[in-house]
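Colleague: Pasting in a structure now, in structure tokens, and then I'll have a few things to ask.
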Amino acid sequence: MLVIGIESSAHTFGVGIVDGERIIANEKSSYNVGTWGMIPSKVAEFHISNARATLERAVERAGIDLEEIEGVGYTMGPGIGPCLQVGELTAKTIAAKLNIDIVPVHHGIAHIEIAKKFAKLRDPIALYVSGGNSQILKLVEKPTKHYAVLGETFDIGVGNMLDNFARSIKLNPAWGSSVAKLAEGGKYIPLPYTVKGTDFAFTGLLTSAVEKIGKADPKDIAFSLQETAFSMLCEATERSLLLTNSRELCVCGGVAQSKRLKEMLSDVAKENGARFGYAPDEFNADNGAMIAYAAEKLIEKGISVPVKKCGIEQKYRIDRGLVW
Ligand code: FE2
């Protein structure tokens with residue numbers, strides 16, 4: 001089945017096309033976040049200006065005609081309202097023009113499912129880590145099939161925390177990957193560590209690291225911040241594995257592009273006899289292919305929504321997201 005997916009929850013406008021298990025296009029246009037972050041109206045304007053060209057590139061890359069598409073999915077949420085609306089409108093236009101099924105997709109569920117596909121995992125514990133989200137999840141059957149949140153951040157997402165630190169220490173681009181680069185060769189200095197069972201919090205750690213700017217070697221602060229944050233995620237994930245007796249683990253979302261985090265999680269999995277996997281970086285960064293993939297699975301299960309009832313939800317909880 002040929003299905004197209006539109007992603008626009010944050011700085012990336014992505015269009016992906018799948019044909020069964022094959023991803024045949026994954027095109028994206030990304031707003032330059034620079035050192036100032038995202039101004040919702042500006043990012044939405046960027047998406048509006050780039051939607052058509054990105055769509056055309058994806059169709060060309062897939063080597064198909066748009067008319068051959070049989071279903072369309074888009075990110076319903078969570079995300080930035082004005083940005084989500086651009087994706088929703090694009091998807092509704094395609095659905096109306098082609099008279100095909102449309103399905104709203106939860107962004108986080110798409111991240112997990114594409115990781116499961118690449119890692120060939122059936123029923124893993126999923127650590128979902130991005131700018132706005134940090135959660136430990138598992139698919140459960142009761143009372144209805146849904147992703148249950150086993151643990152999550154009490155305050156901000158780990159990616160947001162790393163970006164915030166990058167801005168404070170004036171890195172450009174101000175992203176987690178710049179913090180990782182700065183951390184190379186750093187030494188450990190103690191920073192606050194907050195894990196409560198399977199939940200965790202990052203703002204105390206961030207405040208303490210920012211206070212150390214100008215008083216300690218930037219390399220050491222970056223190294224210690226990253227090691228502390230990732231250790232917290234690993235401890236909570238390991239506890240979730242043990243409590244659920246799970247034998248599979250995956251990591252997904254933007255921060256899953258971190259080599260160090262994957263190294264640490266791989267050790268956790270090894271020590272607990274669990275298989276560990278993840279998607280290639282291209283599919284951990286926001287992308288349209290994961291939305292197309294999730295939409296295809298939903299449509300195949302007979303789940304679609306009338307165009308008139310399709311909307312967006314900025315704070316769409318993952319435990320309410322459509323699963324198959
Ligand atoms: Fe994402």
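All residue names refer to the structure tokens as shown: chains lettered A, B, ... in order, residues numbered from 1 in each chain, ligands numbered from 1 in order.
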List as a ChimeraX atom specification the protein and nucleic acid residues lying within 7 Å of ligand 1, with only C-alpha atoms and all ligand atoms counted.

Modeller: /A:107-108,111,130,253-254,285-286

Colleague: Residues within 8 Å of Ser231 (chain A), please, as an MDAnalysis selection string. Count only C-alpha atoms; anything in the same chain fewer than 4 positions from it doesn't count.

Modeller: chainID A and resid 227 235 264

Colleague: Given the choices A:Val43, A:Met76, A:Ile48, A:Met232, which gets closest to Val305 (chain A) if the distance is worked out from only C-alpha atoms?

Modeller: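 Among the listed residues, the smallest separation from Val305 (chain A) belongs to A:Met76.
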
Colleague: Any chance you could list, as a list in words, the residues in region 159-233 of chain A that come up strand (DSSP E or B) when DSSP is run on the backbone?

Modeller: Val195, Lys196, Asp199, Phe200, Ile213 and Ala216 of chain A

Colleague: With N, CA, C and O atoms retained, write the just-selected residues as a PDB file, in the first residue's frame.

Modeller:
ATOM      1  N   VAL A 195      16.549  10.964  40.238  1.00  0.00           N
ATOM      2  CA  VAL A 195      15.699   9.872  39.745  1.00  0.00           C
ATOM      3  C   VAL A 195      14.791   9.460  40.892  1.00  0.00           C
ATOM      4  O   VAL A 195      15.251   9.260  42.019  1.00  0.00           O
ATOM      5  N   LYS A 196      13.496   9.380  40.618  1.00  0.00           N
ATOM      6  CA  LYS A 196      12.527   8.901  41.623  1.00  0.00           C
ATOM      7  C   LYS A 196      11.833   7.690  41.028  1.00  0.00           C
ATOM      8  O   LYS A 196      10.932   7.849  40.196  1.00  0.00           O
ATOM      9  N   ASP A 199      10.890   7.760  37.277  1.00  0.00           N
ATOM     10  CA  ASP A 199      10.753   9.147  36.795  1.00  0.00           C
ATOM     11  C   ASP A 199      12.054   9.912  37.073  1.00  0.00           C
ATOM     12  O   ASP A 199      12.878   9.480  37.879  1.00  0.00           O
ATOM     13  N   PHE A 200      12.192  11.054  36.425  1.00  0.00           N
ATOM     14  CA  PHE A 200      13.429  11.814  36.570  1.00  0.00           C
ATOM     15  C   PHE A 200      13.149  13.299  36.330  1.00  0.00           C
ATOM     16  O   PHE A 200      12.072  13.659  35.839  1.00  0.00           O
ATOM     17  N   ILE A 213      29.272  27.744  34.724  1.00  0.00           N
ATOM     18  CA  ILE A 213      29.900  28.386  33.553  1.00  0.00           C
ATOM     19  C   ILE A 213      30.774  29.560  34.046  1.00  0.00           C
ATOM     20  O   ILE A 213      30.326  30.389  34.826  1.00  0.00           O
ATOM     21  N   ALA A 216      34.339  26.692  35.957  1.00  0.00           N
ATOM     22  CA  ALA A 216      34.977  25.387  35.695  1.00  0.00           C
ATOM     23  C   ALA A 216      35.244  25.288  34.193  1.00  0.00           C
ATOM     24  O   ALA A 216      34.697  26.068  33.400  1.00  0.00           O
TER      25      ALA A 216
END

Colleague: Please indicate the distance in Å from CA of Ile136 (chain A) to CA of Leu298 (chain A), rounded to one decimal place.

Modeller: 22.6 Å

Colleague: If we count only C-alpha atoms, what is near Thr90 (chain A) at a cut-off of 9 Å, once residues fewer than 6 positions away on the same chain are taken out, given as a list in words?

Modeller: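 So, after excluding close chain neighbours, the residues are Ile6, Ala51, Arg52 and Tyr74 of chain A.
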
Colleague: Restricting the calculation to only C-alpha atoms: of A:Asn133, A:Asn272, A:Ser29, A:Ser258, which residue gets closest to Thr12 (chain A)?

Modeller: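 Distance minimum relative to Thr12 (chain A) lands on A:Ser29.
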
Colleague: Measure the distance from CA of Leu55 (chain A) to CA of Glu296 (chain A) in Å and round it to one decimal.

Modeller: 17.7 Å

Colleague: Using only C-alpha atoms, which of the listed residues (A:Ala10, A:Ala115, A:Ala269, A:Ile318) sits closest to Ser246 (chain A)?

Modeller: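 Of A:Ala10, A:Ala115, A:Ala269, A:Ile318, the one nearest Ser246 (chain A), counting only C-alpha atoms, is A:Ala269.
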
Colleague: What does the structure give for the distance between CA of Leu66 (chain A) and CA of Ala53 (chain A), in Å to one decimal?

Modeller: 13.3 Å

Colleague: Which residues are near Leu206 (chain A)? Cut-off 9 Å, only C-alpha atoms, ignore same chain within fewer than 5 positions. Put them as a count of residues only.

Modeller: 7

Colleague: Could you pull out all residues of region 32-216 of chain A with a DSSP call of helix (DSSP H, G or I) and give them as a compact mmCIF listing (two decimals) with N, CA, C and O atoms, in the first residue's frame?

Modeller:
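Result went into out08.txt, see below:
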# COMPACT_ATOMS: atom_id res chain seq x y z
N PRO A 40 7.23 30.28 17.04
CA PRO A 40 6.21 29.47 16.35
C PRO A 40 5.75 30.04 15.01
O PRO A 40 5.70 29.33 14.01
N SER A 41 5.43 31.34 14.97
CA SER A 41 4.89 31.91 13.72
C SER A 41 5.93 31.88 12.60
O SER A 41 5.61 31.65 11.44
N LYS A 42 7.19 32.09 12.96
CA LYS A 42 8.27 32.08 11.95
C LYS A 42 8.47 30.67 11.40
O LYS A 42 8.69 30.48 10.20
N VAL A 43 8.43 29.67 12.30
CA VAL A 43 8.63 28.29 11.85
C VAL A 43 7.46 27.86 10.96
O VAL A 43 7.65 27.22 9.93
N ALA A 44 6.24 28.26 11.35
CA ALA A 44 5.06 27.92 10.53
C ALA A 44 5.15 28.56 9.15
O ALA A 44 4.84 27.93 8.14
N GLU A 45 5.62 29.80 9.09
CA GLU A 45 5.81 30.48 7.79
C GLU A 45 6.81 29.70 6.94
O GLU A 45 6.63 29.54 5.74
N PHE A 46 7.87 29.24 7.60
CA PHE A 46 8.89 28.44 6.90
C PHE A 46 8.25 27.18 6.31
O PHE A 46 8.47 26.83 5.15
N HIS A 47 7.42 26.50 7.10
CA HIS A 47 6.76 25.28 6.64
C HIS A 47 5.85 25.57 5.45
O HIS A 47 5.82 24.82 4.48
N ILE A 48 5.09 26.66 5.55
CA ILE A 48 4.18 27.02 4.45
C ILE A 48 4.98 27.24 3.16
O ILE A 48 4.63 26.74 2.10
N SER A 49 6.11 27.94 3.29
CA SER A 49 6.93 28.23 2.10
C SER A 49 7.58 26.98 1.52
O SER A 49 7.94 26.97 0.35
N ASN A 50 7.79 25.96 2.35
CA ASN A 50 8.54 24.78 1.88
C ASN A 50 7.69 23.53 1.65
O ASN A 50 8.21 22.52 1.15
N ALA A 51 6.41 23.60 2.01
CA ALA A 51 5.55 22.41 1.94
C ALA A 51 5.48 21.82 0.53
O ALA A 51 5.74 20.64 0.32
N ARG A 52 5.17 22.67 -0.42
CA ARG A 52 4.95 22.18 -1.78
C ARG A 52 6.23 21.57 -2.38
O ARG A 52 6.20 20.47 -2.93
N ALA A 53 7.35 22.28 -2.22
CA ALA A 53 8.61 21.80 -2.80
C ALA A 53 9.03 20.48 -2.14
O ALA A 53 9.52 19.56 -2.82
N THR A 54 8.83 20.36 -0.83
CA THR A 54 9.22 19.13 -0.12
C THR A 54 8.36 17.96 -0.59
O THR A 54 8.86 16.85 -0.82
N LEU A 55 7.07 18.23 -0.75
CA LEU A 55 6.13 17.21 -1.25
C LEU A 55 6.53 16.76 -2.65
O LEU A 55 6.59 15.56 -2.95
N GLU A 56 6.83 17.71 -3.51
CA GLU A 56 7.21 17.37 -4.89
C GLU A 56 8.50 16.55 -4.93
O GLU A 56 8.63 15.60 -5.70
N ARG A 57 9.46 16.94 -4.07
CA ARG A 57 10.73 16.19 -4.00
C ARG A 57 10.48 14.74 -3.58
O ARG A 57 11.08 13.81 -4.12
N ALA A 58 9.59 14.55 -2.60
CA ALA A 58 9.31 13.20 -2.09
C ALA A 58 8.67 12.33 -3.18
O ALA A 58 9.05 11.17 -3.37
N VAL A 59 7.70 12.91 -3.89
CA VAL A 59 7.01 12.15 -4.95
C VAL A 59 8.00 11.77 -6.06
O VAL A 59 8.01 10.65 -6.56
N GLU A 60 8.89 12.72 -6.38
CA GLU A 60 9.89 12.47 -7.42
C GLU A 60 10.86 11.37 -6.96
O GLU A 60 11.18 10.45 -7.69
N ARG A 61 11.33 11.50 -5.71
CA ARG A 61 12.27 10.50 -5.16
C ARG A 61 11.63 9.10 -5.16
O ARG A 61 12.29 8.11 -5.44
N ALA A 62 10.33 9.03 -4.84
CA ALA A 62 9.64 7.74 -4.79
C ALA A 62 9.42 7.17 -6.19
O ALA A 62 9.16 5.96 -6.34
N LEU A 66 1.59 11.34 -7.75
CA LEU A 66 0.84 11.62 -6.51
C LEU A 66 -0.49 10.86 -6.51
O LEU A 66 -0.95 10.37 -5.48
N GLU A 67 -1.10 10.72 -7.71
CA GLU A 67 -2.42 10.08 -7.84
C GLU A 67 -2.40 8.61 -7.42
O GLU A 67 -3.45 8.02 -7.16
N GLU A 68 -1.20 8.01 -7.36
CA GLU A 68 -1.11 6.60 -6.98
C GLU A 68 -1.21 6.38 -5.47
O GLU A 68 -1.39 5.27 -4.99
N GLY A 81 1.59 24.42 17.87
CA GLY A 81 0.30 24.57 17.19
C GLY A 81 0.37 25.05 15.74
O GLY A 81 -0.08 24.36 14.82
N PRO A 82 0.92 26.25 15.50
CA PRO A 82 0.93 26.77 14.12
C PRO A 82 1.69 25.86 13.15
O PRO A 82 1.34 25.79 11.97
N CYS A 83 2.69 25.16 13.65
CA CYS A 83 3.47 24.25 12.78
C CYS A 83 2.63 23.01 12.46
O CYS A 83 2.57 22.56 11.30
N LEU A 84 1.98 22.45 13.49
CA LEU A 84 1.13 21.28 13.27
C LEU A 84 0.04 21.57 12.25
O LEU A 84 -0.31 20.73 11.42
N GLN A 85 -0.49 22.80 12.31
CA GLN A 85 -1.60 23.16 11.40
C GLN A 85 -1.18 23.10 9.93
O GLN A 85 -1.99 22.75 9.07
N VAL A 86 0.07 23.44 9.65
CA VAL A 86 0.54 23.42 8.25
C VAL A 86 0.52 21.97 7.73
O VAL A 86 0.07 21.70 6.62
N GLY A 87 0.99 21.03 8.58
CA GLY A 87 1.01 19.62 8.18
C GLY A 87 -0.40 19.07 8.02
O GLY A 87 -0.71 18.33 7.08
N GLU A 88 -1.27 19.46 8.96
CA GLU A 88 -2.66 19.00 8.93
C GLU A 88 -3.34 19.47 7.64
O GLU A 88 -4.00 18.69 6.94
N LEU A 89 -3.14 20.74 7.30
CA LEU A 89 -3.77 21.30 6.10
C LEU A 89 -3.22 20.63 4.83
O LEU A 89 -3.98 20.31 3.90
N THR A 90 -1.91 20.38 4.83
CA THR A 90 -1.31 19.71 3.67
C THR A 90 -1.93 18.33 3.49
O THR A 90 -2.30 17.93 2.38
N ALA A 91 -2.03 17.58 4.60
CA ALA A 91 -2.59 16.22 4.54
C ALA A 91 -4.06 16.23 4.11
O ALA A 91 -4.48 15.42 3.29
N LYS A 92 -4.82 17.19 4.66
CA LYS A 92 -6.25 17.27 4.31
C LYS A 92 -6.42 17.60 2.83
O LYS A 92 -7.34 17.10 2.17
N THR A 93 -5.55 18.45 2.31
CA THR A 93 -5.62 18.82 0.89
C THR A 93 -5.36 17.60 0.02
O THR A 93 -6.09 17.35 -0.95
N ILE A 94 -4.34 16.82 0.39
CA ILE A 94 -4.02 15.61 -0.38
C ILE A 94 -5.19 14.62 -0.31
O ILE A 94 -5.61 14.05 -1.32
N ALA A 95 -5.73 14.43 0.91
CA ALA A 95 -6.83 13.47 1.09
C ALA A 95 -8.06 13.88 0.29
O ALA A 95 -8.71 13.04 -0.35
N ALA A 96 -8.36 15.19 0.30
CA ALA A 96 -9.55 15.67 -0.43
C ALA A 96 -9.34 15.55 -1.93
O ALA A 96 -10.25 15.12 -2.67
N LYS A 97 -8.13 15.90 -2.38
CA LYS A 97 -7.85 15.86 -3.84
C LYS A 97 -7.90 14.43 -4.37
O LYS A 97 -8.44 14.18 -5.45
N LEU A 98 -7.36 13.48 -3.59
CA LEU A 98 -7.28 12.10 -4.08
C LEU A 98 -8.43 11.22 -3.59
O LEU A 98 -8.53 10.06 -3.97
N HIS A 107 3.03 11.68 17.21
CA HIS A 107 4.43 11.82 16.85
C HIS A 107 5.34 10.81 17.58
O HIS A 107 6.21 10.18 16.98
N GLY A 108 5.11 10.65 18.87
CA GLY A 108 5.95 9.75 19.68
C GLY A 108 5.77 8.30 19.29
O GLY A 108 6.74 7.52 19.25
N ILE A 109 4.54 7.92 19.01
CA ILE A 109 4.27 6.53 18.60
C ILE A 109 4.97 6.24 17.28
O ILE A 109 5.55 5.16 17.09
N ALA A 110 4.97 7.21 16.37
CA ALA A 110 5.68 7.03 15.09
C ALA A 110 7.18 6.83 15.34
O ALA A 110 7.81 5.96 14.72
N HIS A 111 7.75 7.60 16.27
CA HIS A 111 9.18 7.44 16.61
C HIS A 111 9.45 6.00 17.11
O HIS A 111 10.42 5.37 16.70
N ILE A 112 8.60 5.52 18.00
CA ILE A 112 8.81 4.18 18.58
C ILE A 112 8.66 3.11 17.52
O ILE A 112 9.50 2.20 17.40
N GLU A 113 7.61 3.22 16.72
CA GLU A 113 7.32 2.15 15.76
C GLU A 113 8.38 2.04 14.66
O GLU A 113 8.71 0.95 14.21
N ILE A 114 8.94 3.19 14.25
CA ILE A 114 9.99 3.12 13.22
C ILE A 114 11.27 2.51 13.83
O ILE A 114 12.00 1.79 13.15
N ALA A 115 11.50 2.78 15.12
CA ALA A 115 12.67 2.17 15.79
C ALA A 115 12.48 0.66 15.88
O ALA A 115 13.40 -0.12 15.61
N LYS A 116 11.26 0.23 16.23
CA LYS A 116 10.95 -1.21 16.32
C LYS A 116 11.16 -1.89 14.97
O LYS A 116 11.69 -2.99 14.88
N LYS A 117 10.74 -1.20 13.91
CA LYS A 117 10.88 -1.76 12.56
C LYS A 117 12.36 -1.99 12.22
O LYS A 117 12.74 -3.08 11.82
N PHE A 118 13.18 -0.96 12.42
CA PHE A 118 14.60 -1.09 12.05
C PHE A 118 15.33 -2.06 12.98
O PHE A 118 16.22 -2.78 12.55
N ALA A 119 14.97 -2.04 14.27
CA ALA A 119 15.67 -2.89 15.24
C ALA A 119 15.13 -4.32 15.25
O ALA A 119 15.67 -5.18 15.93
N VAL A 158 14.96 15.94 27.95
CA VAL A 158 16.43 15.95 28.04
C VAL A 158 17.04 16.76 26.88
O VAL A 158 18.06 17.45 27.06
N GLY A 159 16.41 16.73 25.70
CA GLY A 159 16.94 17.50 24.57
C GLY A 159 16.83 18.99 24.82
O GLY A 159 17.77 19.75 24.56
N ASN A 160 15.69 19.40 25.36
CA ASN A 160 15.47 20.80 25.72
C ASN A 160 16.53 21.26 26.73
O ASN A 160 17.09 22.35 26.63
N MET A 161 16.83 20.38 27.70
CA MET A 161 17.82 20.69 28.73
C MET A 161 19.20 20.89 28.09
O MET A 161 19.90 21.86 28.39
N LEU A 162 19.59 19.98 27.18
CA LEU A 162 20.90 20.09 26.53
C LEU A 162 20.98 21.34 25.65
O LEU A 162 21.98 22.04 25.63
N ASP A 163 19.88 21.63 24.92
CA ASP A 163 19.84 22.82 24.05
C ASP A 163 19.95 24.10 24.89
O ASP A 163 20.63 25.05 24.51
N ASN A 164 19.25 24.08 26.02
CA ASN A 164 19.26 25.24 26.91
C ASN A 164 20.68 25.50 27.43
O ASN A 164 21.15 26.64 27.46
N PHE A 165 21.37 24.43 27.81
CA PHE A 165 22.76 24.56 28.27
C PHE A 165 23.63 25.08 27.12
O PHE A 165 24.49 25.96 27.32
N ALA A 166 23.42 24.54 25.92
CA ALA A 166 24.21 24.96 24.75
C ALA A 166 24.04 26.46 24.50
O ALA A 166 25.00 27.16 24.18
N ARG A 167 22.80 26.96 24.66
CA ARG A 167 22.56 28.40 24.48
C ARG A 167 23.26 29.20 25.57
O ARG A 167 23.88 30.23 25.30
N SER A 168 23.20 28.69 26.83
CA SER A 168 23.79 29.41 27.96
C SER A 168 25.31 29.52 27.82
O SER A 168 25.91 30.51 28.23
N GLY A 176 22.11 19.73 21.34
CA GLY A 176 22.72 18.68 22.15
C GLY A 176 23.97 18.11 21.50
O GLY A 176 24.94 17.76 22.19
N SER A 177 23.98 18.05 20.15
CA SER A 177 25.16 17.49 19.48
C SER A 177 26.38 18.39 19.68
O SER A 177 27.52 17.91 19.72
N SER A 178 26.16 19.70 19.84
CA SER A 178 27.29 20.61 20.11
C SER A 178 27.81 20.37 21.53
O SER A 178 29.01 20.48 21.78
N VAL A 179 26.90 20.06 22.47
CA VAL A 179 27.31 19.76 23.84
C VAL A 179 28.16 18.49 23.83
O VAL A 179 29.21 18.41 24.49
N ALA A 180 27.74 17.49 23.04
CA ALA A 180 28.48 16.22 22.94
C ALA A 180 29.90 16.46 22.43
O ALA A 180 30.86 15.88 22.93
N LYS A 181 30.03 17.36 21.47
CA LYS A 181 31.35 17.68 20.90
C LYS A 181 32.22 18.36 21.96
O LYS A 181 33.39 18.00 22.13
N LEU A 182 31.63 19.32 22.65
CA LEU A 182 32.37 20.04 23.69
C LEU A 182 32.79 19.09 24.81
O LEU A 182 33.85 19.26 25.43
N ALA A 183 31.98 18.06 25.07
CA ALA A 183 32.23 17.14 26.20
C ALA A 183 33.43 16.21 25.95
O ALA A 183 33.96 15.64 26.91
N THR A 203 15.74 19.98 35.56
CA THR A 203 16.00 21.43 35.72
C THR A 203 17.05 21.73 36.80
O THR A 203 17.83 22.67 36.65
N GLY A 204 17.09 20.94 37.89
CA GLY A 204 18.10 21.15 38.93
C GLY A 204 19.50 20.94 38.37
O GLY A 204 20.42 21.73 38.61
N LEU A 205 19.63 19.90 37.58
CA LEU A 205 20.91 19.59 36.93
C LEU A 205 21.31 20.74 35.99
O LEU A 205 22.47 21.19 36.00
N LEU A 206 20.36 21.23 35.21
CA LEU A 206 20.64 22.32 34.26
C LEU A 206 21.08 23.59 35.01
O LEU A 206 22.09 24.20 34.66
N THR A 207 20.32 23.96 36.04
CA THR A 207 20.65 25.17 36.81
C THR A 207 22.06 25.08 37.37
O THR A 207 22.86 26.03 37.27
N SER A 208 22.39 23.93 37.94
CA SER A 208 23.70 23.75 38.55
C SER A 208 24.82 23.84 37.49
O SER A 208 25.87 24.45 37.73
N ALA A 209 24.58 23.22 36.32
CA ALA A 209 25.60 23.26 35.26
C ALA A 209 25.78 24.70 34.75
O ALA A 209 26.91 25.14 34.54
N VAL A 210 24.67 25.43 34.58
CA VAL A 210 24.76 26.82 34.10
C VAL A 210 25.51 27.69 35.11
O VAL A 210 26.32 28.54 34.74
N GLU A 211 25.28 27.43 36.41
CA GLU A 211 25.97 28.20 37.45
C GLU A 211 27.49 27.97 37.42
O GLU A 211 28.25 28.80 37.88

Colleague: Need the shell around Glu21 (chain A): protein/DNA/RNA residues with any atom at most 10 Å away, counting only C-alpha atoms. Skip same-chain ones fewer than 3 positions apart. Format as number ranges by chain?

Modeller: A: 1, 18, 24, 117, 293, 296-297

Colleague: Go through A:Gly20, A:Pro104, A:Pro124, A:Gly132 one by one, measure the shortest atom-to-atom distance of each to Val251 (chain A) using only C-alpha atoms, and give the residue with the smallest value.

Modeller: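 Going through A:Gly20, A:Pro104, A:Pro124, A:Gly132 one by one, the smallest distance to Val251 (chain A) is for A:Pro124.
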
Colleague: Hey, what's within 8 Å of Gly321 (chain A) if we count only C-alpha atoms and toss same-chain stuff fewer than 5 positions away? As a list of chain:residue names, please?

Modeller: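 Neighbouring residues, sequence-local ones excluded: A:Val105, A:His106, A:Ile109, A:His146, A:Tyr147, A:Tyr316.
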